[in-house]
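**Student:** Below you'll find my_file_4.pdb; it's PDB, C-alpha atoms.
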```
ATOM      1  CA  MET A   1       0.006 211.360  37.890
ATOM      2  CA  ARG A   2       3.192 210.840  39.929
ATOM      3  CA  ILE A   3       5.094 214.137  39.910
ATOM      4  CA  LEU A   4       8.598 214.683  41.256
ATOM      5  CA  LEU A   5       9.167 218.345  42.042
ATOM      6  CA  VAL A   6      12.888 219.129  41.846
ATOM      7  CA  THR A   7      14.017 222.402  43.343
ATOM      8  CA  ARG A   8      16.775 224.335  45.059
ATOM      9  CA  LEU A   9      14.163 226.292  47.000
ATOM     10  CA  PHE A  10      11.862 224.629  49.505
ATOM     11  CA  PRO A  11      11.029 225.253  53.178
ATOM     12  CA  LEU A  12      13.576 223.695  55.546
ATOM     13  CA  PRO A  13      13.139 222.581  59.175
ATOM     14  CA  GLU A  14      15.296 225.530  60.304
ATOM     15  CA  ASN A  15      13.944 228.011  57.745
ATOM     16  CA  VAL A  16      10.239 227.581  57.035
ATOM     17  CA  ALA A  17      10.127 230.885  55.124
ATOM     18  CA  ARG A  18      12.431 229.623  52.376
ATOM     19  CA  GLY A  19      10.780 228.834  49.046
ATOM     20  CA  THR A  20       7.186 229.055  50.268
ATOM     21  CA  PHE A  21       6.034 229.761  46.693
ATOM     22  CA  VAL A  22       7.363 226.332  45.675
ATOM     23  CA  SER A  23       5.510 224.592  48.511
ATOM     24  CA  ASP A  24       2.386 226.518  47.441
ATOM     25  CA  HIS A  25       2.806 225.054  43.959
ATOM     26  CA  ALA A  26       3.188 221.554  45.398
ATOM     27  CA  GLU A  27      -0.106 222.012  47.257
ATOM     28  CA  LEU A  28      -1.752 223.244  44.054
ATOM     29  CA  LEU A  29      -0.583 220.137  42.193
ATOM     30  CA  LYS A  30      -1.885 217.953  45.010
ATOM     31  CA  SER A  31      -5.260 219.716  44.803
ATOM     32  CA  LEU A  32      -5.423 218.568  41.160
ATOM     33  CA  GLY A  33      -5.234 214.953  42.349
ATOM     34  CA  HIS A  34      -1.555 214.279  41.605
ATOM     35  CA  GLU A  35       0.875 212.402  43.841
ATOM     36  CA  VAL A  36       3.728 214.803  44.580
ATOM     37  CA  ARG A  37       7.154 214.225  46.101
ATOM     38  CA  ILE A  38       9.951 216.752  46.568
ATOM     39  CA  LEU A  39      13.665 216.513  45.772
ATOM     40  CA  ASN A  40      15.560 219.431  47.315
ATOM     41  CA  VAL A  41      18.988 219.825  45.667
ATOM     42  CA  LEU A  42      21.228 221.833  48.042
ATOM     43  CA  PRO A  43      24.905 222.815  48.267
ATOM     44  CA  ARG A  44      27.177 221.479  50.994
ATOM     45  CA  MET A  45      28.150 224.338  53.273
ATOM     46  CA  LEU A  46      29.185 225.200  56.822
ATOM     47  CA  ARG A  47      26.799 227.060  59.079
ATOM     48  CA  MET A  48      29.149 230.056  59.180
ATOM     49  CA  ASN A  49      28.807 230.361  55.385
ATOM     50  CA  GLU A  50      25.069 230.930  55.738
ATOM     51  CA  ALA A  51      25.717 234.350  57.266
ATOM     52  CA  ARG A  52      27.111 235.588  53.945
ATOM     53  CA  ARG A  53      24.223 234.148  51.915
ATOM     54  CA  SER A  54      20.892 234.924  53.540
ATOM     55  CA  THR A  55      18.954 232.822  51.028
ATOM     56  CA  MET A  56      20.825 229.738  52.259
ATOM     57  CA  GLU A  57      19.870 229.895  55.936
ATOM     58  CA  GLY A  58      19.065 226.414  57.236
ATOM     59  CA  VAL A  59      20.894 224.622  54.398
ATOM     60  CA  ALA A  60      23.983 223.542  56.359
ATOM     61  CA  LYS A  61      22.026 221.331  58.758
ATOM     62  CA  ALA A  62      19.278 220.223  56.389
ATOM     63  CA  PRO A  63      18.495 216.510  57.036
ATOM     64  CA  LYS A  64      18.611 213.871  54.293
ATOM     65  CA  SER A  65      14.836 213.591  54.430
ATOM     66  CA  TYR A  66      11.969 215.223  56.272
ATOM     67  CA  ASN A  67       8.263 215.949  55.992
ATOM     68  CA  HIS A  68       6.873 219.378  55.230
ATOM     69  CA  GLY A  69       3.127 219.360  55.742
ATOM     70  CA  GLU A  70       1.840 216.424  53.694
ATOM     71  CA  PHE A  71       4.931 216.159  51.502
ATOM     72  CA  GLU A  72       7.912 213.826  51.670
ATOM     73  CA  VAL A  73      11.083 215.786  51.016
ATOM     74  CA  SER A  74      14.379 214.148  50.007
ATOM     75  CA  VAL A  75      17.569 216.219  50.159
ATOM     76  CA  LYS A  76      20.529 215.674  47.844
ATOM     77  CA  LYS A  77      23.628 217.748  48.572
ATOM     78  CA  HIS A  78      26.443 218.602  46.196
ATOM     79  CA  TRP A  79      29.852 220.248  46.293
ATOM     80  CA  GLU A  80      29.873 223.743  44.832
ATOM     81  CA  ILE A  81      32.573 223.320  42.210
ATOM     82  CA  PRO A  82      32.320 224.438  38.564
ATOM     83  CA  ASP A  83      31.543 221.009  37.112
ATOM     84  CA  PHE A  84      29.419 219.551  39.914
ATOM     85  CA  PRO A  85      25.981 219.540  38.177
ATOM     86  CA  GLY A  86      26.554 216.382  36.145
ATOM     87  CA  PHE A  87      27.850 214.427  39.141
ATOM     88  CA  THR A  88      24.986 215.557  41.340
ATOM     89  CA  ALA A  89      22.439 214.658  38.681
ATOM     90  CA  PHE A  90      23.875 211.158  38.353
ATOM     91  CA  SER A  91      23.801 210.455  42.083
ATOM     92  CA  ALA A  92      20.399 212.092  42.668
ATOM     93  CA  SER A  93      18.718 210.025  39.974
ATOM     94  CA  ARG A  94      19.046 206.947  42.181
ATOM     95  CA  ILE A  95      16.359 208.204  44.583
ATOM     96  CA  THR A  96      13.703 207.301  41.979
ATOM     97  CA  GLU A  97      14.562 203.606  41.825
ATOM     98  CA  LYS A  98      11.687 202.611  44.159
ATOM     99  CA  TRP A  99       9.226 205.391  43.288
ATOM    100  CA  VAL A 100       9.245 206.175  39.584
ATOM    101  CA  PRO A 101       7.712 209.534  38.609
ATOM    102  CA  GLU A 102       5.708 210.125  35.452
ATOM    103  CA  LEU A 103       6.644 213.811  35.188
ATOM    104  CA  ILE A 104       9.356 216.123  36.527
ATOM    105  CA  ILE A 105       8.684 219.767  37.417
ATOM    106  CA  CYS A 106      11.835 221.738  38.162
ATOM    107  CA  HIS A 107      11.723 225.088  39.955
ATOM    108  CA  THR A 108      14.814 227.113  38.928
ATOM    109  CA  LEU A 109      17.183 225.888  36.227
ATOM    110  CA  TRP A 110      20.579 226.437  37.820
ATOM    111  CA  PRO A 111      21.712 224.018  39.046
ATOM    112  CA  ALA A 112      18.660 221.857  39.766
ATOM    113  CA  GLY A 113      17.832 221.612  36.063
ATOM    114  CA  TYR A 114      20.691 219.161  35.543
ATOM    115  CA  THR A 115      19.160 216.790  38.070
ATOM    116  CA  ALA A 116      15.663 217.153  36.618
ATOM    117  CA  LYS A 117      16.938 216.541  33.085
ATOM    118  CA  SER A 118      18.951 213.486  34.174
ATOM    119  CA  ILE A 119      16.021 211.843  35.994
ATOM    120  CA  ALA A 120      13.660 212.581  33.091
ATOM    121  CA  LYS A 121      16.105 211.012  30.634
ATOM    122  CA  LYS A 122      16.624 207.950  32.847
ATOM    123  CA  HIS A 123      12.888 207.179  32.933
ATOM    124  CA  SER A 124      12.040 208.556  29.458
ATOM    125  CA  ILE A 125       9.527 211.004  30.883
ATOM    126  CA  PRO A 126       8.917 214.725  30.159
ATOM    127  CA  TRP A 127      10.062 217.565  32.396
ATOM    128  CA  ILE A 128       8.834 221.116  32.883
ATOM    129  CA  ALA A 129      11.193 223.949  33.854
ATOM    130  CA  VAL A 130       9.861 226.850  35.936
ATOM    131  CA  VAL A 131      11.883 230.085  36.054
ATOM    132  CA  HIS A 132      11.321 232.618  38.840
ATOM    133  CA  GLY A 133      13.929 235.208  37.952
ATOM    134  CA  HIS A 134      17.586 234.534  38.806
ATOM    135  CA  ASP A 135      18.186 232.080  35.948
ATOM    136  CA  PHE A 136      17.270 234.665  33.316
ATOM    137  CA  ASP A 137      17.872 237.947  35.168
ATOM    138  CA  VAL A 138      21.392 237.007  36.285
ATOM    139  CA  ALA A 139      22.656 233.699  34.890
ATOM    140  CA  LEU A 140      21.931 234.567  31.247
ATOM    141  CA  ASN A 141      24.242 237.543  31.639
ATOM    142  CA  ASP A 142      27.286 235.799  33.137
ATOM    143  CA  HIS A 143      29.510 232.765  32.497
ATOM    144  CA  ARG A 144      26.553 230.356  32.944
ATOM    145  CA  ARG A 145      24.698 231.685  29.912
ATOM    146  CA  LYS A 146      25.224 228.724  27.558
ATOM    147  CA  ARG A 147      24.415 226.143  30.230
ATOM    148  CA  VAL A 148      21.257 227.880  31.405
ATOM    149  CA  GLU A 149      20.035 228.465  27.849
ATOM    150  CA  SER A 150      20.711 224.832  26.996
ATOM    151  CA  LEU A 151      18.677 223.670  30.013
ATOM    152  CA  ALA A 152      15.834 226.035  29.148
ATOM    153  CA  ARG A 153      15.663 224.777  25.566
ATOM    154  CA  SER A 154      15.926 221.110  26.545
ATOM    155  CA  ALA A 155      12.852 221.159  28.807
ATOM    156  CA  ASN A 156       9.634 219.849  27.261
ATOM    157  CA  ARG A 157       7.862 222.974  28.513
ATOM    158  CA  LEU A 158       9.298 226.227  29.854
ATOM    159  CA  VAL A 159       7.187 228.223  32.312
ATOM    160  CA  VAL A 160       8.020 231.733  33.554
ATOM    161  CA  VAL A 161       6.145 233.476  36.364
ATOM    162  CA  SER A 162       5.948 236.935  34.772
ATOM    163  CA  ASN A 163       5.994 238.376  31.250
ATOM    164  CA  SER A 164       9.232 240.228  32.030
ATOM    165  CA  LEU A 165      10.988 236.835  31.956
ATOM    166  CA  LYS A 166       9.582 235.551  28.653
ATOM    167  CA  ARG A 167      12.261 233.778  26.608
ATOM    168  CA  PHE A 168      12.723 230.694  24.405
ATOM    169  CA  ASP A 169       9.033 230.033  23.595
ATOM    170  CA  SER A 170       8.043 230.100  27.258
ATOM    171  CA  ILE A 171       4.515 230.340  28.632
ATOM    172  CA  THR A 172       3.608 232.591  31.559
ATOM    173  CA  ILE A 173       1.884 231.163  34.620
ATOM    174  CA  PRO A 174       2.235 233.418  37.682
ATOM    175  CA  CYS A 175       2.534 232.181  41.241
ATOM    176  CA  HIS A 176      -0.851 232.392  42.942
ATOM    177  CA  VAL A 177      -1.449 234.613  45.966
ATOM    178  CA  ASN A 178      -1.785 232.398  49.007
ATOM    179  CA  VAL A 179      -2.961 234.326  52.076
ATOM    180  CA  ASP A 180      -5.201 232.591  54.627
ATOM    181  CA  ASP A 181      -8.715 234.039  54.901
ATOM    182  CA  GLU A 182      -8.086 235.291  58.442
ATOM    183  CA  TRP A 183      -5.676 237.918  57.078
ATOM    184  CA  HIS A 184      -7.870 239.173  54.202
ATOM    185  CA  LYS A 185      -8.632 242.812  54.982
ATOM    186  CA  PRO A 186     -10.015 245.860  53.128
ATOM    187  CA  MET A 187      -7.491 248.521  52.123
ATOM    188  CA  LYS A 188      -6.606 250.545  55.204
ATOM    189  CA  LYS A 189      -6.715 254.335  55.435
ATOM    190  CA  PHE A 190      -4.224 256.343  57.442
ATOM    191  CA  ASN A 191      -5.883 258.183  60.332
ATOM    192  CA  GLY A 192      -2.928 260.090  61.787
ATOM    193  CA  LEU A 193      -1.895 263.711  61.415
ATOM    194  CA  PHE A 194      -0.241 264.457  58.086
ATOM    195  CA  ARG A 195       3.525 264.968  58.525
ATOM    196  CA  LYS A 196       3.168 264.871  62.317
ATOM    197  CA  SER A 197       2.567 261.183  62.999
ATOM    198  CA  LYS A 198       4.638 258.035  63.365
ATOM    199  CA  ILE A 199       4.428 255.747  60.346
ATOM    200  CA  ASP A 200       5.576 252.158  59.920
ATOM    201  CA  ILE A 201       7.090 251.327  56.524
ATOM    202  CA  LEU A 202       7.371 247.634  55.692
ATOM    203  CA  PHE A 203      10.427 246.617  53.675
ATOM    204  CA  PRO A 204       9.200 243.103  52.702
ATOM    205  CA  ALA A 205      12.574 241.381  52.313
ATOM    206  CA  ASP A 206      15.852 240.515  53.996
ATOM    207  CA  PRO A 207      17.967 243.705  53.939
ATOM    208  CA  ARG A 208      21.122 241.601  53.468
ATOM    209  CA  ARG A 209      20.069 240.737  49.925
ATOM    210  CA  PRO A 210      21.626 243.448  47.704
ATOM    211  CA  GLU A 211      19.054 243.110  44.913
ATOM    212  CA  LYS A 212      16.327 244.205  47.355
ATOM    213  CA  ASN A 213      17.983 247.647  47.567
ATOM    214  CA  HIS A 214      17.438 248.305  51.273
ATOM    215  CA  LEU A 215      19.615 251.413  51.049
ATOM    216  CA  LEU A 216      17.064 253.163  48.848
ATOM    217  CA  THR A 217      14.327 252.399  51.376
ATOM    218  CA  LEU A 218      16.452 253.891  54.163
ATOM    219  CA  ARG A 219      16.981 257.049  52.128
ATOM    220  CA  VAL A 220      13.254 257.353  51.495
ATOM    221  CA  GLY A 221      12.723 257.055  55.258
ATOM    222  CA  GLU A 222      15.272 259.808  55.865
ATOM    223  CA  GLU A 223      13.554 262.075  53.330
ATOM    224  CA  LEU A 224      10.177 261.509  54.991
ATOM    225  CA  GLU A 225      11.679 262.406  58.362
ATOM    226  CA  THR A 226      12.931 265.721  56.961
ATOM    227  CA  ARG A 227       9.295 266.380  56.006
ATOM    228  CA  GLY A 228       8.119 265.879  59.581
ATOM    229  CA  TRP A 229       7.187 262.193  59.753
ATOM    230  CA  LYS A 230       8.452 259.873  62.510
ATOM    231  CA  VAL A 231       9.488 256.864  60.465
ATOM    232  CA  GLY A 232       9.938 253.267  61.557
ATOM    233  CA  ILE A 233      11.077 250.623  59.045
ATOM    234  CA  THR A 234      10.229 246.946  59.563
ATOM    235  CA  THR A 235      12.141 244.282  57.626
ATOM    236  CA  LEU A 236      11.376 240.611  56.985
ATOM    237  CA  LYS A 237      13.880 237.797  57.360
ATOM    238  CA  LYS A 238      12.917 234.173  57.983
ATOM    239  CA  GLN A 239       9.636 234.661  59.814
ATOM    240  CA  PRO A 240       6.768 232.170  59.415
ATOM    241  CA  ARG A 241       4.155 233.272  56.894
ATOM    242  CA  SER A 242       1.560 234.130  59.545
ATOM    243  CA  MET A 243       4.031 236.562  61.088
ATOM    244  CA  VAL A 244       4.729 238.108  57.669
ATOM    245  CA  TRP A 245       1.009 238.703  57.173
ATOM    246  CA  ASP A 246       0.790 240.189  60.691
ATOM    247  CA  ARG A 247       3.524 242.654  59.709
ATOM    248  CA  MET A 248       1.482 243.608  56.639
ATOM    249  CA  LEU A 249      -1.590 244.199  58.791
ATOM    250  CA  ALA A 250       0.405 246.441  61.130
ATOM    251  CA  ALA A 251       2.321 248.499  58.529
ATOM    252  CA  ASP A 252       1.051 251.766  57.089
ATOM    253  CA  VAL A 253       2.664 251.166  53.704
ATOM    254  CA  CYS A 254       4.723 248.463  51.999
ATOM    255  CA  LEU A 255       7.718 249.861  50.091
ATOM    256  CA  ILE A 256       9.366 247.816  47.322
ATOM    257  CA  THR A 257      12.656 249.182  45.980
ATOM    258  CA  SER A 258      14.184 246.049  44.415
ATOM    259  CA  THR A 259      16.427 246.187  41.367
ATOM    260  CA  ARG A 260      15.097 242.836  40.152
ATOM    261  CA  GLU A 261      12.037 240.737  40.983
ATOM    262  CA  SER A 262       9.895 238.198  39.182
ATOM    263  CA  GLY A 263       6.627 239.304  40.808
ATOM    264  CA  PRO A 264       7.054 240.387  43.464
ATOM    265  CA  LEU A 265       4.553 238.134  45.216
ATOM    266  CA  VAL A 266       4.852 240.072  48.501
ATOM    267  CA  ALA A 267       3.255 243.111  46.833
ATOM    268  CA  LYS A 268       0.125 241.107  46.037
ATOM    269  CA  GLU A 269       0.060 239.556  49.503
ATOM    270  CA  SER A 270       0.313 243.025  51.030
ATOM    271  CA  ILE A 271      -2.667 244.254  48.999
ATOM    272  CA  VAL A 272      -4.725 241.252  50.146
ATOM    273  CA  CYS A 273      -3.826 242.122  53.768
ATOM    274  CA  GLY A 274      -5.049 245.683  53.201
ATOM    275  CA  CYS A 275      -1.637 247.355  53.259
ATOM    276  CA  PRO A 276      -1.000 249.964  50.509
ATOM    277  CA  VAL A 277       2.005 249.341  48.248
ATOM    278  CA  VAL A 278       4.498 251.811  46.799
ATOM    279  CA  ALA A 279       6.913 250.233  44.342
ATOM    280  CA  VAL A 280       9.468 250.905  41.648
ATOM    281  CA  ASP A 281       8.964 249.494  38.149
ATOM    282  CA  VAL A 282      10.189 245.939  38.698
ATOM    283  CA  GLY A 283       8.860 242.524  37.694
ATOM    284  CA  ASP A 284       5.216 242.701  36.661
ATOM    285  CA  MET A 285       4.283 245.616  38.940
ATOM    286  CA  SER A 286       3.570 248.072  36.108
ATOM    287  CA  GLU A 287       1.060 245.630  34.587
ATOM    288  CA  TRP A 288      -1.447 246.055  37.417
ATOM    289  CA  MET A 289      -0.630 249.175  39.459
ATOM    290  CA  GLU A 290       1.069 252.561  39.253
ATOM    291  CA  VAL A 291       4.822 252.469  39.839
ATOM    292  CA  CYS A 292       7.500 255.062  40.630
ATOM    293  CA  SER A 293      10.941 255.891  39.369
ATOM    294  CA  PRO A 294      13.677 254.616  41.740
ATOM    295  CA  GLU A 295      14.341 258.095  43.123
ATOM    296  CA  VAL A 296      14.106 259.162  46.746
ATOM    297  CA  ASN A 297      11.792 262.161  46.271
ATOM    298  CA  ALA A 298       9.470 260.326  43.876
ATOM    299  CA  LEU A 299       9.056 257.417  46.287
ATOM    300  CA  ALA A 300       8.617 259.734  49.288
ATOM    301  CA  ASP A 301       5.921 261.646  47.379
ATOM    302  CA  ALA A 302       4.176 258.355  46.539
ATOM    303  CA  VAL A 303       4.236 257.236  50.189
ATOM    304  CA  GLU A 304       2.677 260.540  51.265
ATOM    305  CA  ASN A 305       0.073 260.238  48.513
ATOM    306  CA  VAL A 306      -1.193 256.821  49.658
ATOM    307  CA  LEU A 307      -1.197 257.985  53.287
ATOM    308  CA  SER A 308      -3.229 261.054  52.346
ATOM    309  CA  ASN A 309      -5.543 259.634  49.676
ATOM    310  CA  GLY A 310      -5.518 255.889  50.228
ATOM    311  CA  GLN A 311      -5.041 253.402  47.401
ATOM    312  CA  GLU A 312      -7.428 251.748  44.975
ATOM    313  CA  VAL A 313      -5.890 248.762  43.253
ATOM    314  CA  THR A 314      -7.137 245.434  41.934
ATOM    315  CA  LEU A 315      -4.983 242.336  41.832
ATOM    316  CA  PRO A 316      -4.523 240.783  38.377
ATOM    317  CA  ALA A 317      -6.939 237.929  37.753
ATOM    318  CA  ASN A 318      -4.123 235.637  36.607
ATOM    319  CA  SER A 319      -2.697 235.542  40.151
ATOM    320  CA  GLN A 320      -5.887 234.131  41.697
ATOM    321  CA  PHE A 321      -5.714 230.498  42.829
ATOM    322  CA  GLU A 322      -8.417 229.143  40.505
ATOM    323  CA  ASN A 323      -6.934 230.839  37.446
ATOM    324  CA  VAL A 324      -3.446 229.497  38.164
ATOM    325  CA  ARG A 325      -4.876 226.070  39.003
ATOM    326  CA  ASN A 326      -6.717 225.935  35.665
ATOM    327  CA  GLN A 327      -3.604 226.977  33.735
ATOM    328  CA  TRP A 328      -1.520 224.244  35.353
ATOM    329  CA  SER A 329      -4.294 221.698  34.820
ATOM    330  CA  SER A 330      -4.388 222.476  31.106
ATOM    331  CA  LEU A 331      -0.591 222.329  30.843
ATOM    332  CA  LEU A 332      -0.350 218.964  32.580
ATOM    333  CA  GLU A 333      -3.130 217.519  30.438
ATOM    334  CA  SER A 334      -1.184 218.559  27.343
ATOM    335  CA  MET A 335       1.828 216.566  28.521
TER
END
```
Please express the file's structure as structure tokens.
**Tutor:**
Amino acid sequence: MRILLVTRLFPLPENVARGTFVSDHAELLKSLGHEVRILNVLPRMLRMNEARRSTMEGVAKAPKSYNHGEFEVSVKKHWEIPDFPGFTAFSASRITEKWVPELIICHTLWPAGYTAKSIAKKHSIPWIAVVHGHDFDVALNDHRRKRVESLARSANRLVVVSNSLKRFDSITIPCHVNVDDEWHKPMKKFNGLFRKSKIDILFPADPRRPEKNHLLTLRVGEELETRGWKVGITTLKKQPRSMVWDRMLAADVCLITSTRESGPLVAKESIVCGCPVVAVDVGDMSEWMEVCSPEVNALADAVENVLSNGQEVTLPANSQFENVRNQWSSLLESM
């Protein structure tokens, strides 16, 4: 099957860490024997604007087309004005004149869903919408509500990546955990002196993103220092994936304090790399491990507990590659 994957999130030449979960999905589809091409729908912006929006790093200078691994990626840029989606969808649909897809899969609804819907209508083919969080966590609660809900209901299938996002007759298919075998390690145990050693806490996100709640992590670090620990906090920005996994191997504990997440996938990656995880109740975390209240003392206590006693946790089966692959295979066959 010829599949066009439409997205606002995909690795860029200047930011290979952006949207890696979407490129993972493209590789999964390719492993099922499908021909996959990528349409990356991006806003027009100046490089100086990227500093205010960390998720947009590399967008300003994104080329019109490029290759990422084995995939051809076409870029369509739009002006960020209130009524741009329809115009962008009309102009983007012309890229399929020479290569006509048989199915559209759209990662994130706003605003890429307009383009996916337009191309699907032009060729009279079905389209699948995949929601990772923002569309339902944020957009359904602001002025975009009616548009996002309309897009969600107009898709032939609606997929969400965690049960916390279930809406509008959606089905749940999580993102699979994709960590190379070289970084698979057993759960580490802390060998230092309790409350007398240096510990490295991994904050697995860009601290500039407010929803990641970096301030709470800093306060937890301060509380641990009052208890005698020497605390270092490592953050992640736009590092290559191998470097992210190296950080997980080196850290003593991964601390997740986000106010909203769909997974988070980094928690599962950290477990695979053998790094214990302490997290608040966000996304699907409470479905497969113990979580904490978003309070400084509770999180500090949890960090000390995993350092003292280690952590026994099993990843959910539905996040394993074969399980996710089988779910997507069944879905595509039903189309």
**Student:** Using only C-alpha atoms, find each residue of region 138-202 of chain A with at least one atom at most 7 Å away from an atom of region 270-281 of chain A; report its shortest atom-to-atom pair and that distance in Å (one decimal), sort the rows by chain and rising residue number, and return the result as CSV.
**Tutor:**
```
residue,atom,partner,partner_atom,distance
A:Trp183,CA,A:Cys273,CA,5.7
A:His184,CA,A:Cys273,CA,5.0
A:Lys185,CA,A:Gly274,CA,4.9
A:Pro186,CA,A:Gly274,CA,5.0
A:Met187,CA,A:Gly274,CA,3.9
A:Lys188,CA,A:Gly274,CA,5.5
```
**Student:** Would you mind telling me which residue in A:Arg37, A:Arg219, A:Arg167, A:Lys146 lies nearest to His68 (chain A) when using only C-alpha atoms?
**Tutor:** A:Arg37
**Student:** Between CA of Trp127 (chain A) and CA of Val160 (chain A), what distance in Å does the model show, to one decimal?
**Tutor:**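 Answer for the CA of Trp127 (chain A) to CA of Val160 (chain A) separation: 14.4 Å.
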**Student:** I'd like the contact shell of Arg44 (chain A) - 9 Å cut-off, all atoms listed in the file, skipping same-chain residues fewer than 4 positions apart - returned as an mmCIF file with C-alpha atoms, keeping the file's coordinate frame.
**Tutor:**
```cif
data_model
loop_
_atom_site.group_PDB
_atom_site.id
_atom_site.type_symbol
_atom_site.label_atom_id
_atom_site.label_comp_id
_atom_site.auth_asym_id
_atom_site.auth_seq_id
_atom_site.Cartn_x
_atom_site.Cartn_y
_atom_site.Cartn_z
ATOM 1 C CA VAL A 59 20.894 224.622 54.398
ATOM 2 C CA ALA A 60 23.983 223.542 56.359
ATOM 3 C CA LYS A 77 23.628 217.748 48.572
ATOM 4 C CA HIS A 78 26.443 218.602 46.196
ATOM 5 C CA TRP A 79 29.852 220.248 46.293
ATOM 6 C CA GLU A 80 29.873 223.743 44.832
#
```
**Student:** As a check of understanding, name the residues that the PyMOL selection byres ((chain A and resi 134-140) around 9) selects in the supplied structure, as a PyMOL selection string.
**Tutor:** chain A and resi 108-110+131-133+141-149+165+167+260-262
**Student:** So that each row is one residue of region 191-236 of chain A with an atom at most 8 Å from region 291-302 of chain A, can you give its shortest atom pair and the distance in Å to one decimal, using only C-alpha atoms, rows by chain and rising number, as a Markdown table?
**Tutor:**
```
| residue | atom | partner | partner_atom | distance |
| --- | --- | --- | --- | --- |
| A:Leu216 | CA | A:Val296 | CA | 7.0 |
| A:Arg219 | CA | A:Val296 | CA | 6.5 |
| A:Val220 | CA | A:Val296 | CA | 5.2 |
| A:Gly221 | CA | A:Ala300 | CA | 7.7 |
| A:Glu223 | CA | A:Ala300 | CA | 6.8 |
| A:Leu224 | CA | A:Ala300 | CA | 6.2 |
```
**Student:** Using all atoms listed in the file, give me every residue within 7 Å of (6.4, 221.4, 26.7) in file coordinates, as a PyMOL selection string.
**Tutor:** chain A and resi 128+155-158+335
**Student:** Selecting C-alpha atoms, how would region 137-163 of chain A from this structure be written as a PDB file, in the first residue's frame?
**Tutor:**
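Generated output (part-v1.pdb):
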```pdb
ATOM      1  CA  ASP A 137      -5.118  18.203  25.998  1.00  0.00           C
ATOM      2  CA  VAL A 138      -4.918  21.828  24.840  1.00  0.00           C
ATOM      3  CA  ALA A 139      -6.780  22.550  21.600  1.00  0.00           C
ATOM      4  CA  LEU A 140     -10.088  21.053  22.767  1.00  0.00           C
ATOM      5  CA  ASN A 141     -10.059  23.553  25.613  1.00  0.00           C
ATOM      6  CA  ASP A 142      -9.430  26.760  23.643  1.00  0.00           C
ATOM      7  CA  HIS A 143     -10.766  28.604  20.582  1.00  0.00           C
ATOM      8  CA  ARG A 144      -9.795  25.701  18.263  1.00  0.00           C
ATOM      9  CA  ARG A 145     -12.217  23.273  19.888  1.00  0.00           C
ATOM     10  CA  LYS A 146     -14.813  23.076  17.095  1.00  0.00           C
ATOM     11  CA  ARG A 147     -12.198  22.764  14.354  1.00  0.00           C
ATOM     12  CA  VAL A 148     -10.207  20.063  16.120  1.00  0.00           C
ATOM     13  CA  GLU A 149     -13.333  18.088  17.018  1.00  0.00           C
ATOM     14  CA  SER A 150     -14.552  18.346  13.435  1.00  0.00           C
ATOM     15  CA  LEU A 151     -11.223  17.003  12.130  1.00  0.00           C
ATOM     16  CA  ALA A 152     -11.244  14.172  14.663  1.00  0.00           C
ATOM     17  CA  ARG A 153     -14.760  13.109  13.686  1.00  0.00           C
ATOM     18  CA  SER A 154     -14.108  13.388   9.948  1.00  0.00           C
ATOM     19  CA  ALA A 155     -11.190  10.926   9.946  1.00  0.00           C
ATOM     20  CA  ASN A 156     -12.021   7.371   8.883  1.00  0.00           C
ATOM     21  CA  ARG A 157     -10.190   6.112  11.972  1.00  0.00           C
ATOM     22  CA  LEU A 158      -9.017   7.997  15.056  1.00  0.00           C
ATOM     23  CA  VAL A 159      -6.010   6.625  16.941  1.00  0.00           C
ATOM     24  CA  VAL A 160      -4.775   7.915  20.313  1.00  0.00           C
ATOM     25  CA  VAL A 161      -1.498   6.839  21.912  1.00  0.00           C
ATOM     26  CA  SER A 162      -2.775   6.472  25.485  1.00  0.00           C
ATOM     27  CA  ASN A 163      -6.109   5.784  27.184  1.00  0.00           C
TER      28      ASN A 163
END
```
